[in-house]
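Have a look at the structure below before the remarks.
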Amino acid sequence: MAMTATLVAPRAAAHLRLALVGNPNTGKTTLFNALCGIRAKTSNYPGTTTAIRVGSSGAGTGRALDIVDLPGVYDLHAGIAESRIAADVLKGRGTLGADFVVIVADAANLTRNLVLAGEVLAERRAAVLALNMMDIARSRGIDIDCHALSRRLRCPVVPLVARRGEGLDSLLRAIELSAISASEPPTDLPAPGASLETLTAWAEDVTAETSTSPIELSAADVLTERVDRYLTHPVYGMGAFTGVMCLLFLALFTFAAIPMDLIEALFGRLGSGLTAVLPSGPVRDLVTQGIVGGLSGTIVFLPQICLLFFLISVLEDTGYLARAAFVMDGMLSRFGLPGQAFVPLLTAHACAIPGIMSARLIPNRRDRLATILVAPFMSCSARLPVYVLLTSLLFADPVLAGLAFAGCYLLGATAGLLTASLFGRTALKGRARPMILELPPYRVPSFRNAVLTAKDQGIAFLRTAGSIIMAICIVMWWLSAYPKTAVPAGAHSLRAEAAQLADAPERAAALRVRADVLQSKAEQAGSFAGRFGHFVEPVFRPLGFDWQLTVGVVTSFLAREVFVSTMSVLEGGAAGDTDVDEGVVARIRGMTRADGSALFTPATAAAALVFFVLAMQCLPTLAVTRKETGSIKYAGLQLGYMSGLAYVAAFAVHQGLHMVGVP
Amino acid sequence: MRLSCSSALRLADLQVGSTARLHDLQVDPESRAQLRALGLTDGSMLRVCKQGDPCVVQVRTTRIGISSRIAQHVFVVPTEGRASGELRWR
């Protein structure tokens, strides 16, 4: 016991720590959000990757409440991480040990929820049973006598409709009262460690004694059954899924573009403002190019990530996600992936980092690893500007360019699925475990839940990726700005010439611009990144890349979107070009090799495009893979396999096109 | 596959709308634990809502989607009618 006492974090006596425990889909999170609002923090349970939300609420009680939202579990002895964490917290162990428990139960699903309630009550903690979704139970014709239930369980029972905030005051009063006087658990309770059959028999007995329900199926059940037949149907279900996904992506790209443009414009302003204020020198360059660039490069991804999680939360709340998982299971299981993998793979189309993080919802470790390993093959939004640039270089016709663009997404997804299949036969032996999933009733989604999920995920992204991306941007800036090279003789003479043209200011300005271009080109070539590009150029020569394109590939290893600005600088444009407009495309199209021939021949552009679709060029993703898998081995496998595949595929494309006569 | 009860059938072979009592789960331990947690304990009553992939069953008020690869290995004993109170969906 002394051991346990030292593990419990010291806290003010006035604070009461409350744990919310319940089955999945009981509205536990809705209740948590209603109690804590935005004052909640998500963090991993110590020593695990299971996320736990902790918040506080002072409403209605004399004492401040710290509230721990435990992951949804069906029983405390299931042998999975979530059950172990719930059992630990309920026993008062660890830094989150609870003084007090609120068991959240679905009133429309009383017997099954009472199984968990029985296990919790057997732990002899002070507890309140929150009977949520009373409205759904009533609409099904289920009538529960809360007083009888309270007498039988010997704990307060509070009816709730958490979604509408009904019953919250009574719940807080019940918490306040019970915290002072915990009563003994019921005497007929099965002993701790009883079998599920014993607990179920007890729960059935309690349900029969305290509630009545109709013998016939309710109209809602009949309707749900009919809708499910379509939504999980191999053909109609796939059609519905495709429709929902098209709408989701349309909404994602349409609405996220507005704040993304705004963020870029804002940071552009900030950069030029600081350039004007700060004295010129390395500090100004570090601040305006390294730090502001890094901040902008991180925050620009936020709108897409938040919006995506908002939409996923809405879909989850409606109950559709569980059906969609079954529709996808038919297809994904052929490649050794579980149906649940579709959420991480979908998310990875915005950014691989939240995609990999959302793989936590897959229960089986092998299935989770397979999903994490292939998630970065999905075309994330950082690849987008590169696709736009290279497809417009490849095809002047916008329709063909658009098709090539869509082809890139398809190529990435296909490569991911085939890789999962290959890993299922080699590194991760075995097939995906067949899916078993509760199909919750269809419900109107909660806007509040969706907003809070988006906020939590946005913060998690900034916390996980923000500092890494920031550091990388600064290192990249340094590598491409240092060592400083001498101003080339050509630029000197152009400037001297301009100085003498005092009577023709326009011609002088043009000459100065040409001098600046020569200088920035020389600086880029002489920098560490430029020298490294020259050094490894022979490796990329078989793909049709010259040293400039190699520098572009090397610099984008740390963040893909840098490719456009690197190529723009090498061509001689302004360093700030990250938007792909016609001017940038035209200038990059005009780039030449050392021998004066065109750099972006069709074969080279196609090879570069394939390379960018398949290559692992994102250090932050590797860091997250390492963290989520708990081993650097999988990050190494991801890097080696993806880059190797990208090289081989780009080589095959380049040589293949040459063979059929494409220059 | 060994069958200890001659009247037990595969869940996947049951007709939509029919009811049955769970007899045996001949599946991997992880899937078994998951099915039991969702309410498919020994002797529990279920109703078939949909066949194919997934097979959907209702146990009390819980609807569970089960991959057909699992439903092949779930053995049940069909029951006649729903006269008894045990079949209340709660």
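As shown in the structure tokens, the chain order sets the letters A, B, ...; within each chain, residues go from 1, and ligands are also counted from 1 in the order they appear.
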Please report as JSON lines every residue of chain A lying within 8 Å of chain B, along with the nearest atom pair and their distance in Å (one decimal), using only C-alpha atoms.
```
{"residue": "A:Tyr74", "atom": "CA", "partner": "B:Ala37", "partner_atom": "CA", "distance": 5.5}
{"residue": "A:Asp75", "atom": "CA", "partner": "B:Ala37", "partner_atom": "CA", "distance": 6.4}
{"residue": "A:Ala78", "atom": "CA", "partner": "B:Ala33", "partner_atom": "CA", "distance": 6.7}
{"residue": "A:Ala108", "atom": "CA", "partner": "B:Arg90", "partner_atom": "CA", "distance": 6.7}
{"residue": "A:Asn109", "atom": "CA", "partner": "B:Thr61", "partner_atom": "CA", "distance": 5.5}
{"residue": "A:Leu110", "atom": "CA", "partner": "B:Arg90", "partner_atom": "CA", "distance": 6.5}
{"residue": "A:Thr111", "atom": "CA", "partner": "B:Arg90", "partner_atom": "CA", "distance": 6.7}
{"residue": "A:Arg112", "atom": "CA", "partner": "B:Gly39", "partner_atom": "CA", "distance": 6.4}
{"residue": "A:Ile142", "atom": "CA", "partner": "B:Arg90", "partner_atom": "CA", "distance": 7.8}
{"residue": "A:Leu196", "atom": "CA", "partner": "B:Thr41", "partner_atom": "CA", "distance": 6.9}
{"residue": "A:Glu197", "atom": "CA", "partner": "B:Thr41", "partner_atom": "CA", "distance": 6.1}
{"residue": "A:Ser213", "atom": "CA", "partner": "B:Arg90", "partner_atom": "CA", "distance": 6.7}
{"residue": "A:Pro214", "atom": "CA", "partner": "B:Arg88", "partner_atom": "CA", "distance": 6.8}
{"residue": "A:Ile215", "atom": "CA", "partner": "B:Arg88", "partner_atom": "CA", "distance": 5.0}
{"residue": "A:Glu216", "atom": "CA", "partner": "B:Arg88", "partner_atom": "CA", "distance": 7.6}
{"residue": "A:Leu217", "atom": "CA", "partner": "B:Trp89", "partner_atom": "CA", "distance": 7.1}
{"residue": "A:Glu225", "atom": "CA", "partner": "B:Cys49", "partner_atom": "CA", "distance": 6.6}
{"residue": "A:Arg229", "atom": "CA", "partner": "B:Lys50", "partner_atom": "CA", "distance": 6.7}
{"residue": "A:Thr232", "atom": "CA", "partner": "B:Pro54", "partner_atom": "CA", "distance": 7.1}
{"residue": "A:His233", "atom": "CA", "partner": "B:Asp53", "partner_atom": "CA", "distance": 7.9}
{"residue": "A:Pro234", "atom": "CA", "partner": "B:Asp53", "partner_atom": "CA", "distance": 7.8}
{"residue": "A:Phe326", "atom": "CA", "partner": "B:Pro54", "partner_atom": "CA", "distance": 6.6}
{"residue": "A:Gly330", "atom": "CA", "partner": "B:Asp53", "partner_atom": "CA", "distance": 7.5}
{"residue": "A:Pro434", "atom": "CA", "partner": "B:Ser67", "partner_atom": "CA", "distance": 5.6}
{"residue": "A:Met435", "atom": "CA", "partner": "B:Ser67", "partner_atom": "CA", "distance": 5.3}
{"residue": "A:Ile436", "atom": "CA", "partner": "B:Ile66", "partner_atom": "CA", "distance": 4.7}
{"residue": "A:Leu437", "atom": "CA", "partner": "B:Gly65", "partner_atom": "CA", "distance": 5.3}
{"residue": "A:Glu438", "atom": "CA", "partner": "B:Ile64", "partner_atom": "CA", "distance": 4.5}
{"residue": "A:Leu439", "atom": "CA", "partner": "B:Arg63", "partner_atom": "CA", "distance": 5.3}
{"residue": "A:Pro440", "atom": "CA", "partner": "B:Arg63", "partner_atom": "CA", "distance": 6.9}
```
Can you write out the residues you just picked, keeping N, CA and C atoms, as a tab-separated table (two decimals), in the first residue's frame?
```tsv
chain	number	residue	atom	x	y	z
A	74	TYR	N	-14.91	-2.60	-22.84
A	74	TYR	CA	-16.08	-3.45	-22.60
A	74	TYR	C	-15.95	-4.19	-21.28
A	75	ASP	N	-14.71	-4.60	-20.95
A	75	ASP	CA	-14.53	-5.15	-19.61
A	75	ASP	C	-13.11	-4.92	-19.12
A	78	ALA	N	-9.97	-7.60	-20.16
A	78	ALA	CA	-9.89	-8.06	-21.55
A	78	ALA	C	-8.45	-8.34	-21.99
A	108	ALA	N	-29.93	2.40	-23.44
A	108	ALA	CA	-30.59	1.54	-24.42
A	108	ALA	C	-29.88	0.19	-24.54
A	109	ASN	N	-28.81	0.01	-23.77
A	109	ASN	CA	-27.97	-1.17	-23.88
A	109	ASN	C	-27.61	-1.65	-22.48
A	110	LEU	N	-28.62	-1.65	-21.59
A	110	LEU	CA	-28.36	-1.73	-20.16
A	110	LEU	C	-27.57	-2.98	-19.75
A	111	THR	N	-28.00	-4.15	-20.18
A	111	THR	CA	-27.37	-5.39	-19.70
A	111	THR	C	-25.87	-5.39	-19.96
A	112	ARG	N	-25.48	-5.11	-21.22
A	112	ARG	CA	-24.06	-5.18	-21.55
A	112	ARG	C	-23.26	-4.14	-20.77
A	142	ILE	N	-37.98	1.43	-23.93
A	142	ILE	CA	-37.36	0.86	-22.74
A	142	ILE	C	-37.65	1.78	-21.56
A	196	LEU	N	-17.19	-13.78	-17.45
A	196	LEU	CA	-18.15	-12.91	-18.13
A	196	LEU	C	-19.55	-13.49	-18.06
A	197	GLU	N	-19.64	-14.84	-18.07
A	197	GLU	CA	-20.96	-15.48	-18.00
A	197	GLU	C	-21.65	-15.16	-16.67
A	213	SER	N	-38.98	-3.70	-21.20
A	213	SER	CA	-38.73	-3.32	-22.59
A	213	SER	C	-39.66	-4.12	-23.48
A	214	PRO	N	-39.99	-3.59	-24.64
A	214	PRO	CA	-40.93	-4.28	-25.52
A	214	PRO	C	-40.32	-5.57	-26.09
A	215	ILE	N	-41.17	-6.53	-26.38
A	215	ILE	CA	-40.68	-7.78	-26.94
A	215	ILE	C	-40.34	-7.60	-28.42
A	216	GLU	N	-41.16	-6.80	-29.11
A	216	GLU	CA	-40.92	-6.60	-30.53
A	216	GLU	C	-39.75	-5.64	-30.77
A	217	LEU	N	-39.12	-5.76	-31.94
A	217	LEU	CA	-38.06	-4.82	-32.32
A	217	LEU	C	-38.68	-3.44	-32.52
A	225	GLU	N	-31.52	-1.57	-39.51
A	225	GLU	CA	-31.19	-2.81	-40.18
A	225	GLU	C	-31.26	-2.65	-41.69
A	229	ARG	N	-28.08	-2.77	-44.43
A	229	ARG	CA	-28.00	-3.73	-45.53
A	229	ARG	C	-27.44	-3.06	-46.77
A	232	THR	N	-23.48	-1.59	-45.93
A	232	THR	CA	-22.39	-2.57	-45.82
A	232	THR	C	-22.43	-3.55	-47.01
A	233	HIS	N	-23.26	-3.25	-48.00
A	233	HIS	CA	-23.37	-4.09	-49.19
A	233	HIS	C	-22.11	-3.93	-50.04
A	234	PRO	N	-21.61	-5.03	-50.65
A	234	PRO	CA	-20.37	-4.91	-51.41
A	234	PRO	C	-20.46	-3.91	-52.57
A	326	PHE	N	-16.24	-1.69	-42.62
A	326	PHE	CA	-16.58	-3.01	-43.16
A	326	PHE	C	-16.53	-3.03	-44.68
A	330	GLY	N	-13.34	-5.55	-46.98
A	330	GLY	CA	-13.37	-6.50	-48.08
A	330	GLY	C	-12.19	-6.28	-49.01
A	434	PRO	N	-9.47	-10.71	-39.09
A	434	PRO	CA	-10.82	-10.38	-39.55
A	434	PRO	C	-11.50	-9.42	-38.59
A	435	MET	N	-12.31	-8.53	-39.12
A	435	MET	CA	-12.88	-7.47	-38.28
A	435	MET	C	-14.12	-7.89	-37.51
A	436	ILE	N	-14.16	-7.42	-36.28
A	436	ILE	CA	-15.36	-7.54	-35.44
A	436	ILE	C	-15.56	-6.14	-34.88
A	437	LEU	N	-16.72	-5.56	-35.10
A	437	LEU	CA	-16.91	-4.17	-34.70
A	437	LEU	C	-18.36	-3.96	-34.32
A	438	GLU	N	-18.56	-3.20	-33.24
A	438	GLU	CA	-19.93	-2.84	-32.88
A	438	GLU	C	-20.46	-1.85	-33.92
A	439	LEU	N	-21.69	-2.04	-34.36
A	439	LEU	CA	-22.30	-1.08	-35.28
A	439	LEU	C	-23.22	-0.19	-34.45
A	440	PRO	N	-22.76	1.00	-34.06
A	440	PRO	CA	-23.58	1.84	-33.19
A	440	PRO	C	-24.81	2.35	-33.94
```
Could you pull out the strand (DSSP E or B) residues of segment 113-302 of chain A, going by DSSP on the backbone, and write them as a compact mmCIF listing (two decimals) with C-alpha atoms, in the first residue's frame?
```
# COMPACT_ATOMS: atom_id res chain seq x y z
CA ALA A 126 -17.11 5.45 -4.63
CA ALA A 127 -19.15 5.52 -7.84
CA VAL A 128 -22.09 7.10 -9.61
CA LEU A 129 -23.86 5.46 -12.54
CA ALA A 130 -24.63 7.98 -15.30
CA LEU A 131 -27.37 6.49 -17.44
CA ASN A 132 -26.81 8.27 -20.73
CA ASP A 143 -38.50 1.99 -19.29
CA ILE A 144 -35.87 2.03 -16.51
CA VAL A 157 -28.08 6.53 -10.64
CA VAL A 158 -28.52 9.70 -12.70
CA PRO A 159 -30.48 9.70 -15.97
CA VAL A 161 -28.97 13.08 -22.18
CA GLU A 166 -29.90 17.25 -19.64
CA SER A 211 -36.58 -2.19 -16.32
CA THR A 212 -39.16 -3.25 -18.85
```
Name all residues at most 12 Å from Pro363 of chain A (count only C-alpha atoms; drop same-chain ones fewer than 3 positions away) and give them as an NGL selection string. (:A and (50 or 79-82 or 338-341 or 358-360 or 366-369 or 371 or 432-437)) or (:B and (30-31 or 34))
Expected file: the selected residues, C-alpha atoms, as a PDB file, in the first residue's frame:
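New file result_36.pdb:
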```pdb
ATOM      1  CA  THR A  50      -2.880   5.309 -25.471  1.00  0.00           C
ATOM      2  CA  GLY A  79      -6.071  -8.194 -21.525  1.00  0.00           C
ATOM      3  CA  ILE A  80      -5.687  -5.182 -23.827  1.00  0.00           C
ATOM      4  CA  ALA A  81      -3.798  -1.959 -23.007  1.00  0.00           C
ATOM      5  CA  GLU A  82      -6.995   0.092 -22.639  1.00  0.00           C
ATOM      6  CA  PRO A 338      -7.593  -4.326 -41.663  1.00  0.00           C
ATOM      7  CA  GLY A 339     -10.735  -2.347 -42.513  1.00  0.00           C
ATOM      8  CA  GLN A 340      -9.943   0.141 -39.741  1.00  0.00           C
ATOM      9  CA  ALA A 341      -6.795   1.137 -41.705  1.00  0.00           C
ATOM     10  CA  SER A 358      -4.511   7.714 -35.915  1.00  0.00           C
ATOM     11  CA  ALA A 359      -3.363   4.124 -36.583  1.00  0.00           C
ATOM     12  CA  ARG A 360      -3.644   3.740 -32.800  1.00  0.00           C
ATOM     13  CA  ARG A 366       0.745  -6.484 -36.694  1.00  0.00           C
ATOM     14  CA  ASP A 367      -2.122  -4.725 -38.485  1.00  0.00           C
ATOM     15  CA  ARG A 368      -1.146  -1.419 -36.930  1.00  0.00           C
ATOM     16  CA  LEU A 369       2.492  -1.785 -38.046  1.00  0.00           C
ATOM     17  CA  THR A 371      -0.729   0.463 -41.730  1.00  0.00           C
ATOM     18  CA  ALA A 432      -4.974  -8.902 -41.262  1.00  0.00           C
ATOM     19  CA  ARG A 433      -7.176 -10.114 -38.428  1.00  0.00           C
ATOM     20  CA  PRO A 434     -10.819 -10.376 -39.553  1.00  0.00           C
ATOM     21  CA  MET A 435     -12.884  -7.473 -38.284  1.00  0.00           C
ATOM     22  CA  ILE A 436     -15.357  -7.539 -35.442  1.00  0.00           C
ATOM     23  CA  LEU A 437     -16.912  -4.174 -34.701  1.00  0.00           C
TER      24      LEU A 437
ATOM     25  CA  GLU B  30      -8.118 -12.223 -29.678  1.00  0.00           C
ATOM     26  CA  SER B  31     -11.320 -12.443 -31.749  1.00  0.00           C
ATOM     27  CA  GLN B  34     -13.623  -9.328 -28.559  1.00  0.00           C
TER      28      GLN B  34
END
```
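Every protein or nucleic acid residue with an atom no more than 8 Å from Leu231 of chain A, counting only C-alpha atoms and leaving out same-chain residues fewer than 5 positions away, appears here: A:Tyr236, A:Gly237, A:Met238, A:Ala240, A:Arg323, A:Ala324, A:Val327.
A straight line drawn from atom CA of Ala107 of chain A to atom CA of Ser218 of chain A is 14.9 Å long.
With only C-alpha atoms as the atoms that count, the minimum distance from Gln26 of chain B to the choices B:Pro78, B:Ala12, B:Gln72, B:Ser7 is reached by B:Gln72.
For the pair atom CA of Met45 of chain B and atom CA of Asp221 of chain A, the separation is 16.8 Å.
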Let's see if you can do this: from backbone DSSP, list all alpha helix (DSSP H) residues in chain B, as a count of residues only. 13
Residues near Met616 of chain A, cut-off 6 Å, only C-alpha atoms, skip fewer than 2 positions along chain, as a PyMOL selection string: chain A and resi 618+639+642-643
I want to know what sits within 9 Å of Phe540 of chain A, based on only C-alpha atoms, with residues of the same chain fewer than 3 positions away left out; could you give that as a ChimeraX atom specification? /A:536-537,543-547,549-550,647,651
